[in-house]
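Trainee: Sharing work17.cif here; it has mmCIF, C-alpha atoms.
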```cif
data_model
loop_
_atom_site.label_atom_id
_atom_site.label_comp_id
_atom_site.auth_asym_id
_atom_site.auth_seq_id
_atom_site.Cartn_x
_atom_site.Cartn_y
_atom_site.Cartn_z
CA MET N 1 92.64 122.28 154.75
CA LYS N 2 95.99 124.08 154.82
CA LYS N 3 97.73 120.68 154.79
CA ILE N 4 95.79 119.59 151.69
CA ILE N 5 96.71 122.83 149.91
CA SER N 6 100.36 122.35 150.93
CA ILE N 7 100.39 118.74 149.63
CA ALA N 8 98.67 119.81 146.41
CA THR N 9 101.26 122.59 145.95
CA SER N 10 104.10 120.11 146.51
CA ILE N 11 102.64 117.72 143.93
CA LEU N 12 102.33 120.58 141.43
CA ILE N 13 105.95 121.64 142.03
CA ILE N 14 107.19 118.04 141.60
CA CYS N 15 105.14 117.64 138.39
CA GLY N 16 106.49 120.95 137.13
CA SER N 17 110.10 119.98 137.75
CA LEU N 18 109.57 116.52 136.21
CA ASN N 19 108.09 118.25 133.19
CA ALA N 20 111.15 120.48 132.85
CA GLN N 21 113.56 117.55 133.05
CA ASP N 22 115.24 116.28 129.93
CA ASN N 23 115.07 112.62 130.83
CA GLY N 24 118.85 112.52 130.22
CA MET N 25 118.37 113.55 126.60
CA LEU N 26 120.35 116.14 124.75
CA VAL N 27 118.28 118.46 122.55
CA ARG N 28 120.11 120.98 120.42
CA ILE N 29 119.65 123.44 117.58
CA SER N 30 122.85 123.94 115.59
CA GLU N 31 122.97 127.26 113.75
CA ILE N 32 125.53 127.07 110.95
CA GLU N 33 126.43 129.60 108.29
CA ILE N 34 128.12 128.18 105.19
CA HIS N 35 130.29 129.92 102.59
CA ALA N 36 128.02 130.34 99.57
CA ASP N 37 130.47 128.67 97.17
CA SER N 38 130.51 125.47 99.29
CA LEU N 39 126.77 125.15 99.66
CA VAL N 40 126.07 122.28 97.24
CA SER N 41 128.93 120.13 98.61
CA TYR N 42 128.11 120.99 102.23
CA LYS N 43 124.44 120.01 101.93
CA ALA N 44 125.32 116.68 100.25
CA ILE N 45 127.87 115.79 102.97
CA LEU N 46 125.52 116.86 105.79
CA LYS N 47 122.63 114.87 104.29
CA GLU N 48 124.78 111.74 104.13
CA GLU N 49 126.05 112.19 107.70
CA ALA N 50 122.59 112.83 109.18
CA GLU N 51 121.09 109.81 107.40
CA ALA N 52 123.91 107.49 108.53
CA SER N 53 123.68 108.74 112.14
CA VAL N 54 119.94 108.07 112.43
CA ARG N 55 120.25 104.68 110.68
CA LEU N 56 123.35 103.35 112.45
CA GLU N 57 123.22 104.85 115.95
CA PRO N 58 120.46 103.69 118.34
CA GLY N 59 121.13 106.73 120.57
CA VAL N 60 120.53 109.26 117.78
CA ILE N 61 116.78 109.96 118.04
CA LEU N 62 116.87 112.62 115.36
CA ILE N 63 119.19 114.69 113.22
CA PHE N 64 117.03 116.91 111.04
CA PRO N 65 118.88 119.37 108.79
CA MET N 66 117.18 122.35 107.17
CA TYR N 67 118.09 125.65 105.55
CA GLN N 68 116.33 129.01 105.58
CA LYS N 69 114.20 129.62 102.49
CA SER N 70 115.22 133.29 102.46
CA ASP N 71 118.96 132.53 102.79
CA SER N 72 120.14 129.02 101.96
CA THR N 73 123.57 129.61 103.53
CA GLN N 74 121.80 129.58 106.93
CA ILE N 75 121.62 125.95 108.02
CA ARG N 76 119.67 124.81 111.08
CA ILE N 77 119.86 121.29 112.48
CA LEU N 78 117.56 119.93 115.16
CA GLU N 79 119.47 117.19 116.98
CA ILE N 80 118.15 114.87 119.70
CA TYR N 81 120.36 112.30 121.42
CA ALA N 82 119.00 109.74 123.92
CA SER N 83 121.74 110.64 126.45
CA LYS N 84 125.04 112.46 126.84
CA GLU N 85 126.77 109.10 126.30
CA ALA N 86 124.92 108.66 122.98
CA TYR N 87 126.18 112.11 121.94
CA GLN N 88 129.76 111.22 122.92
CA LEU N 89 129.53 108.03 120.83
CA HIS N 90 128.11 110.05 117.92
CA ILE N 91 130.99 112.54 117.77
CA LYS N 92 133.46 109.64 117.65
CA SER N 93 131.60 107.81 114.85
CA PRO N 94 133.36 107.45 111.44
CA HIS N 95 130.50 109.26 109.60
CA PHE N 96 130.58 112.25 111.97
CA LEU N 97 134.39 112.53 111.81
CA GLN N 98 134.24 112.31 108.02
CA TYR N 99 131.61 115.11 107.95
CA LYS N 100 133.57 117.26 110.40
CA THR N 101 136.89 117.06 108.57
CA THR N 102 135.50 117.48 105.05
CA THR N 103 133.28 120.48 105.91
CA LEU N 104 135.58 122.37 108.28
CA SER N 105 136.67 124.96 105.70
CA MET N 106 133.09 125.38 104.39
CA VAL N 107 131.73 126.63 107.71
CA LYS N 108 131.68 130.40 108.27
CA SER N 109 130.14 130.29 111.76
CA LEU N 110 128.73 127.69 114.12
CA LYS N 111 126.55 128.07 117.23
CA LEU N 112 125.42 125.06 119.27
CA ILE N 113 122.32 126.00 121.27
CA ASP N 114 121.25 123.57 123.96
CA MET N 115 117.49 123.31 124.35
CA THR N 116 114.94 121.82 126.72
CA ALA N 117 111.92 120.07 125.23
CA ILE N 118 108.65 121.44 126.66
CA ASP N 119 106.66 118.19 126.30
CA LEU N 120 108.52 114.92 126.77
CA GLN N 121 105.34 112.83 126.83
CA THR N 122 104.26 113.83 123.33
CA MET N 123 107.73 113.20 121.90
CA GLU N 124 107.21 109.47 121.55
CA LYS N 125 104.08 110.15 119.52
CA ILE N 126 105.97 112.25 116.99
CA PHE N 127 109.40 110.60 116.74
CA VAL N 128 109.88 107.03 115.49
CA LYS N 129 112.60 106.28 118.03
CA LYS N 130 111.37 106.23 121.61
CA THR N 131 112.54 109.11 123.77
CA VAL N 132 110.66 108.54 127.02
CA LYS N 133 112.13 105.90 129.32
CA LYS N 134 109.43 103.74 130.94
CA MET Q 1 130.03 110.34 74.62
CA LYS Q 2 128.87 113.98 74.74
CA LYS Q 3 125.27 112.75 74.68
CA ILE Q 4 125.89 110.43 77.66
CA ILE Q 5 127.47 113.30 79.64
CA SER Q 6 124.54 115.55 78.72
CA ILE Q 7 121.98 112.91 79.84
CA ALA Q 8 123.93 112.28 83.08
CA THR Q 9 124.01 116.03 83.76
CA SER Q 10 120.26 116.29 83.17
CA ILE Q 11 119.60 113.41 85.59
CA LEU Q 12 121.79 115.09 88.22
CA ILE Q 13 119.92 118.40 87.78
CA ILE Q 14 116.53 116.67 88.06
CA CYS Q 15 117.68 114.76 91.19
CA GLY Q 16 119.01 117.97 92.68
CA SER Q 17 115.78 119.85 92.11
CA LEU Q 18 113.69 116.95 93.46
CA ASN Q 19 115.88 116.94 96.53
CA ALA Q 20 115.32 120.65 97.07
CA GLN Q 21 111.55 120.32 96.77
CA ASP Q 22 109.40 120.42 99.87
CA ASN Q 23 106.90 117.89 98.62
CA GLY Q 24 104.21 120.47 99.37
CA MET Q 25 105.12 120.51 103.05
CA LEU Q 26 105.55 123.56 105.19
CA VAL Q 27 108.59 123.44 107.51
CA ARG Q 28 109.07 126.32 109.93
CA ILE Q 29 111.06 127.39 112.96
CA SER Q 30 109.15 129.87 115.12
CA GLU Q 31 111.40 132.05 117.26
CA ILE Q 32 109.39 133.54 120.11
CA GLU Q 33 110.50 135.68 123.04
CA ILE Q 34 108.20 135.64 126.06
CA HIS Q 35 107.88 138.18 128.89
CA ALA Q 36 109.63 136.52 131.86
CA ASP Q 37 106.64 136.93 134.19
CA SER Q 38 104.37 134.98 131.79
CA LEU Q 39 106.74 132.07 131.25
CA VAL Q 40 105.03 129.39 133.35
CA SER Q 41 101.57 130.13 131.91
CA TYR Q 42 102.89 130.45 128.37
CA LYS Q 43 104.68 127.09 128.42
CA ALA Q 44 101.60 125.31 129.83
CA ILE Q 45 99.31 126.80 127.15
CA LEU Q 46 101.80 126.07 124.34
CA LYS Q 47 102.31 122.48 125.54
CA GLU Q 48 98.54 121.89 125.49
CA GLU Q 49 98.13 123.44 122.05
CA ALA Q 50 101.04 121.50 120.49
CA GLU Q 51 99.82 118.19 121.94
CA ALA Q 52 96.24 118.75 120.70
CA SER Q 53 97.44 119.77 117.22
CA VAL Q 54 99.54 116.62 116.73
CA ARG Q 55 96.80 114.38 118.17
CA LEU Q 56 93.77 115.88 116.41
CA GLU Q 57 95.10 117.11 113.06
CA PRO Q 58 96.23 114.54 110.48
CA GLY Q 59 98.07 117.29 108.56
CA VAL Q 60 100.20 118.35 111.52
CA ILE Q 61 103.31 116.15 111.17
CA LEU Q 62 105.07 117.78 114.08
CA ILE Q 63 104.87 120.69 116.49
CA PHE Q 64 107.89 120.44 118.77
CA PRO Q 65 108.29 123.27 121.31
CA MET Q 66 111.58 123.92 123.13
CA TYR Q 67 113.27 126.70 125.07
CA GLN Q 68 116.92 127.69 125.29
CA LYS Q 69 118.70 126.28 128.34
CA SER Q 70 120.68 129.52 128.75
CA ASP Q 71 117.55 131.75 128.48
CA SER Q 72 114.18 130.13 129.03
CA THR Q 73 112.30 133.17 127.67
CA GLN Q 74 113.62 132.17 124.22
CA ILE Q 75 111.16 129.67 122.80
CA ARG Q 76 111.80 127.76 119.57
CA ILE Q 77 109.17 125.61 117.85
CA LEU Q 78 109.87 123.26 114.96
CA GLU Q 79 106.65 122.93 112.99
CA ILE Q 80 105.98 120.64 110.03
CA TYR Q 81 102.66 120.64 108.17
CA ALA Q 82 101.83 118.13 105.40
CA SER Q 83 100.70 120.94 103.08
CA LYS Q 84 99.75 124.61 102.99
CA GLU Q 85 96.11 123.51 103.27
CA ALA Q 86 96.95 121.59 106.48
CA TYR Q 87 98.52 124.76 107.87
CA GLN Q 88 95.46 126.83 106.95
CA LEU Q 89 93.23 124.30 108.73
CA HIS Q 90 95.57 124.40 111.75
CA ILE Q 91 95.38 128.15 112.24
CA LYS Q 92 91.58 127.95 112.19
CA SER Q 93 91.42 125.11 114.77
CA PRO Q 94 89.84 125.84 118.18
CA HIS Q 95 93.02 124.84 120.08
CA PHE Q 96 95.22 127.15 117.97
CA LEU Q 97 92.79 130.09 118.31
CA GLN Q 98 92.59 129.49 122.07
CA TYR Q 99 96.44 129.50 122.27
CA LYS Q 100 96.72 132.61 120.11
CA THR Q 101 94.23 134.72 122.05
CA THR Q 102 95.35 133.68 125.55
CA THR Q 103 99.09 134.18 124.86
CA LEU Q 104 98.96 137.36 122.76
CA SER Q 105 99.99 139.68 125.61
CA MET Q 106 102.72 137.26 126.80
CA VAL Q 107 104.69 137.44 123.54
CA LYS Q 108 107.47 140.03 123.34
CA SER Q 109 108.59 139.16 119.80
CA LEU Q 110 107.78 136.58 117.15
CA LYS Q 111 109.66 135.51 114.02
CA LEU Q 112 108.34 132.83 111.65
CA ILE Q 113 111.23 131.42 109.63
CA ASP Q 114 110.31 129.21 106.69
CA MET Q 115 112.73 126.36 106.14
CA THR Q 116 113.49 123.70 103.54
CA ALA Q 117 114.24 120.17 104.73
CA ILE Q 118 117.54 118.86 103.32
CA ASP Q 119 116.56 115.17 103.31
CA LEU Q 120 112.92 114.33 102.60
CA GLN Q 121 113.61 110.60 102.22
CA THR Q 122 114.91 110.18 105.75
CA MET Q 123 112.01 112.14 107.27
CA GLU Q 124 109.65 109.19 107.26
CA LYS Q 125 112.22 107.19 109.20
CA ILE Q 126 112.38 109.77 111.98
CA PHE Q 127 108.81 111.08 112.24
CA VAL Q 128 105.84 108.90 113.17
CA LYS Q 129 103.51 110.60 110.69
CA LYS Q 130 104.46 109.98 107.10
CA THR Q 131 105.79 112.98 105.25
CA VAL Q 132 106.80 111.54 101.89
CA LYS Q 133 103.95 111.03 99.46
CA LYS Q 134 104.28 107.76 97.53
#
```
Could the structure of this file be written out as structure tokens, please?
Mentor:
Amino acid sequence: MKKIISIATSILIICGSLNAQDNGMLVRISEIEIHADSLVSYKAILKEEAEASVRLEPGVILIFPMYQKSDSTQIRILEIYASKEAYQLHIKSPHFLQYKTTTLSMVKSLKLIDMTAIDLQTMEKIFVKKTVKK
Amino acid sequence: MKKIISIATSILIICGSLNAQDNGMLVRISEIEIHADSLVSYKAILKEEAEASVRLEPGVILIFPMYQKSDSTQIRILEIYASKEAYQLHIKSPHFLQYKTTTLSMVKSLKLIDMTAIDLQTMEKIFVKKTVKK
């Protein structure tokens, strides 16, 4: 009986650690504050860059830019890359470099917060691009 | 010539305001801090609730729970509802009520931050459920 409980515990631990794994993905929330006088230009450039990234890069699962309703200078971007390599390719892409150089002076502060997704299995039911490797 | 400029300006203003509209959707980032000793239970309950919401509720475009890699007590959830009505239905659903009552004592702090999506057109290319009404 003890052996069964021990095996069951091991299975639960393995499942738990699998669940916490990122499957090689990179999930991030970027918190960006923009100078108020640059807001219109910044949003247009960011929109263009995010759209191009999702359309042109197979490894970009999602770049989803938003701003706070109560303070539109507070930008938040949910970013999901299929792997660290996909992220490295992304930051060398012409559209990202164009975004980075043109918006540099518009950015007041920038925090990149690495995240872990709680449910990898459900991700492929909510995102168009597949995130779970079979 | 003045008339053409005036018309062009009007079109730009209309496009800009359309772009800023939420299309009736509700986009939110929930920032939740959990008591460290409740973390395992909390994540399991949240995972179940998010999965059920996306699966059972047509108006739930996305509930995507994450935690910070540097501090796993810091939970972030990106939530997108098709409309305010869809959100009202969600908070009355059995799975949400079950989540709310069982996790109440586990939550240290909770901030609901309403957001505006910067690019509505690209949303339907990244999320499985359609967000842009035709």
Trainee: Write down, as a PyMOL selection string, each residue of chain N that has any atom within 6 Å of an atom of chain Q, counting only C-alpha atoms.
Mentor: chain N and resi 65-69+114-118+126-128
Trainee: Rotate and translate chain N onto chain Q via least squares on all in-order Cα pairs, then write the result as a CSV table (one decimal) with C-alpha atoms, in the frame of the given file.
Mentor:
```csv
chain,number,residue,atom,x,y,z
N,1,MET,CA,130.1,110.3,74.7
N,2,LYS,CA,129.1,114.0,75.0
N,3,LYS,CA,125.4,112.9,74.8
N,4,ILE,CA,125.9,110.5,77.7
N,5,ILE,CA,127.5,113.2,79.8
N,6,SER,CA,124.7,115.6,78.9
N,7,ILE,CA,122.0,113.1,79.8
N,8,ALA,CA,123.9,112.3,83.1
N,9,THR,CA,124.1,116.0,83.9
N,10,SER,CA,120.4,116.4,83.2
N,11,ILE,CA,119.5,113.5,85.5
N,12,LEU,CA,121.7,115.0,88.2
N,13,ILE,CA,120.0,118.4,87.9
N,14,ILE,CA,116.6,116.8,88.1
N,15,CYS,CA,117.6,114.8,91.1
N,16,GLY,CA,119.0,117.9,92.7
N,17,SER,CA,115.8,119.9,92.2
N,18,LEU,CA,113.6,117.0,93.4
N,19,ASN,CA,115.8,116.9,96.5
N,20,ALA,CA,115.3,120.6,97.1
N,21,GLN,CA,111.5,120.3,96.8
N,22,ASP,CA,109.3,120.4,99.8
N,23,ASN,CA,106.8,117.9,98.6
N,24,GLY,CA,104.1,120.5,99.4
N,25,MET,CA,105.1,120.5,103.0
N,26,LEU,CA,105.5,123.5,105.2
N,27,VAL,CA,108.6,123.4,107.5
N,28,ARG,CA,109.1,126.3,109.9
N,29,ILE,CA,111.1,127.4,112.9
N,30,SER,CA,109.1,129.9,115.1
N,31,GLU,CA,111.4,132.1,117.2
N,32,ILE,CA,109.4,133.5,120.1
N,33,GLU,CA,110.5,135.7,123.0
N,34,ILE,CA,108.2,135.6,126.0
N,35,HIS,CA,107.9,138.2,128.9
N,36,ALA,CA,109.7,136.5,131.8
N,37,ASP,CA,106.7,137.0,134.2
N,38,SER,CA,104.4,135.0,131.8
N,39,LEU,CA,106.8,132.1,131.2
N,40,VAL,CA,105.1,129.4,133.3
N,41,SER,CA,101.6,130.1,131.9
N,42,TYR,CA,102.9,130.5,128.4
N,43,LYS,CA,104.7,127.1,128.4
N,44,ALA,CA,101.6,125.3,129.8
N,45,ILE,CA,99.3,126.8,127.2
N,46,LEU,CA,101.8,126.1,124.3
N,47,LYS,CA,102.3,122.5,125.5
N,48,GLU,CA,98.6,121.9,125.5
N,49,GLU,CA,98.1,123.4,122.1
N,50,ALA,CA,101.0,121.5,120.5
N,51,GLU,CA,99.8,118.2,121.9
N,52,ALA,CA,96.2,118.8,120.7
N,53,SER,CA,97.4,119.8,117.2
N,54,VAL,CA,99.5,116.6,116.7
N,55,ARG,CA,96.8,114.4,118.2
N,56,LEU,CA,93.8,115.9,116.4
N,57,GLU,CA,95.1,117.1,113.1
N,58,PRO,CA,96.2,114.5,110.5
N,59,GLY,CA,98.0,117.3,108.6
N,60,VAL,CA,100.2,118.3,111.5
N,61,ILE,CA,103.3,116.1,111.2
N,62,LEU,CA,105.0,117.8,114.1
N,63,ILE,CA,104.9,120.7,116.5
N,64,PHE,CA,107.9,120.4,118.8
N,65,PRO,CA,108.3,123.3,121.3
N,66,MET,CA,111.6,123.9,123.1
N,67,TYR,CA,113.3,126.7,125.0
N,68,GLN,CA,117.0,127.7,125.2
N,69,LYS,CA,118.8,126.3,128.3
N,70,SER,CA,120.7,129.5,128.7
N,71,ASP,CA,117.6,131.8,128.4
N,72,SER,CA,114.2,130.1,129.0
N,73,THR,CA,112.3,133.2,127.6
N,74,GLN,CA,113.7,132.2,124.2
N,75,ILE,CA,111.2,129.7,122.8
N,76,ARG,CA,111.8,127.7,119.5
N,77,ILE,CA,109.2,125.6,117.8
N,78,LEU,CA,109.9,123.2,115.0
N,79,GLU,CA,106.6,122.9,113.0
N,80,ILE,CA,105.9,120.6,110.0
N,81,TYR,CA,102.6,120.6,108.2
N,82,ALA,CA,101.8,118.1,105.4
N,83,SER,CA,100.6,120.9,103.1
N,84,LYS,CA,99.7,124.6,103.0
N,85,GLU,CA,96.1,123.5,103.3
N,86,ALA,CA,96.9,121.6,106.5
N,87,TYR,CA,98.5,124.8,107.9
N,88,GLN,CA,95.4,126.8,107.0
N,89,LEU,CA,93.2,124.3,108.8
N,90,HIS,CA,95.5,124.4,111.8
N,91,ILE,CA,95.4,128.2,112.3
N,92,LYS,CA,91.6,128.0,112.2
N,93,SER,CA,91.4,125.1,114.8
N,94,PRO,CA,89.8,125.8,118.2
N,95,HIS,CA,93.0,124.8,120.1
N,96,PHE,CA,95.2,127.1,118.0
N,97,LEU,CA,92.8,130.1,118.3
N,98,GLN,CA,92.6,129.5,122.1
N,99,TYR,CA,96.4,129.5,122.3
N,100,LYS,CA,96.7,132.6,120.1
N,101,THR,CA,94.3,134.7,122.1
N,102,THR,CA,95.4,133.7,125.5
N,103,THR,CA,99.1,134.2,124.9
N,104,LEU,CA,99.0,137.4,122.8
N,105,SER,CA,100.0,139.7,125.6
N,106,MET,CA,102.7,137.3,126.8
N,107,VAL,CA,104.7,137.4,123.5
N,108,LYS,CA,107.5,140.0,123.3
N,109,SER,CA,108.6,139.1,119.8
N,110,LEU,CA,107.8,136.6,117.1
N,111,LYS,CA,109.6,135.5,114.0
N,112,LEU,CA,108.3,132.8,111.6
N,113,ILE,CA,111.2,131.4,109.6
N,114,ASP,CA,110.3,129.2,106.7
N,115,MET,CA,112.7,126.3,106.1
N,116,THR,CA,113.4,123.7,103.5
N,117,ALA,CA,114.2,120.2,104.7
N,118,ILE,CA,117.5,118.9,103.3
N,119,ASP,CA,116.5,115.2,103.3
N,120,LEU,CA,112.9,114.3,102.6
N,121,GLN,CA,113.5,110.6,102.2
N,122,THR,CA,114.9,110.2,105.7
N,123,MET,CA,112.0,112.1,107.3
N,124,GLU,CA,109.6,109.2,107.3
N,125,LYS,CA,112.2,107.2,109.2
N,126,ILE,CA,112.3,109.8,112.0
N,127,PHE,CA,108.8,111.1,112.2
N,128,VAL,CA,105.8,108.9,113.2
N,129,LYS,CA,103.5,110.6,110.7
N,130,LYS,CA,104.4,110.0,107.1
N,131,THR,CA,105.8,113.0,105.2
N,132,VAL,CA,106.8,111.5,101.9
N,133,LYS,CA,103.9,111.0,99.4
N,134,LYS,CA,104.3,107.7,97.5
```
Trainee: As an exercise, work out the distance from CA of Ser109 in chain Q to CA of Ser83 in chain Q in Å and give it to one decimal place.
Mentor: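 Going from CA of Ser109 in chain Q over to CA of Ser83 in chain Q, I get 26.0 Å.
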Trainee: Would you compute the distance between CA of Asp37 in chain Q and CA of Leu110 in chain Q? Give it in Å to one decimal.
Mentor: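 Result for CA of Asp37 in chain Q versus CA of Leu110 in chain Q: 17.1 Å, one decimal.
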Trainee: Give me, as a PDB file with C-alpha atoms, in the frame of the given file, all polymer residues having an atom no more than 9 Å from Ala36 in chain N, counting only C-alpha atoms and skipping those fewer than 2 positions away in the same chain.
Mentor:
```pdb
ATOM      1  CA  GLU N  33     126.430 129.600 108.290  1.00  0.00           C
ATOM      2  CA  ILE N  34     128.120 128.180 105.190  1.00  0.00           C
ATOM      3  CA  SER N  38     130.510 125.470  99.290  1.00  0.00           C
ATOM      4  CA  LEU N  39     126.770 125.150  99.660  1.00  0.00           C
ATOM      5  CA  VAL N  40     126.070 122.280  97.240  1.00  0.00           C
ATOM      6  CA  SER N  72     120.140 129.020 101.960  1.00  0.00           C
ATOM      7  CA  THR N  73     123.570 129.610 103.530  1.00  0.00           C
ATOM      8  CA  MET N 106     133.090 125.380 104.390  1.00  0.00           C
TER       9      MET N 106
END
```
Trainee: Considering only C-alpha atoms, can you say which of N:Ser93, N:Tyr81, N:Val107, N:Val60 comes closest to Tyr42 in chain N?
Mentor: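 With only C-alpha atoms as the atom set, the closest residue is N:Val107.
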Trainee: Care to translate the PyMOL selection byres ((chain N and resi 24) around 7) into actual residues of this file, as a PyMOL selection string?
Mentor: chain N and resi 22-23+25-26+82-83
Trainee: Return the single residue from Q:His90, Q:Lys84, Q:His35, Q:Lys130 that is closest to Leu56 in chain Q, with distances computed using all atoms listed in the file.
Mentor: Q:His90
Trainee: Using Å and a single decimal, report how far CA of Lys111 in chain N sits from CA of Glu31 in chain Q.
Mentor: 15.7 Å
Trainee: Residue by residue, what does the PyMOL selection byres ((chain N and resi 99) around 9) grab here? Present the result as a ChimeraX atom specification.
Mentor: /N:42,45-46,48-49,94-98,100-104
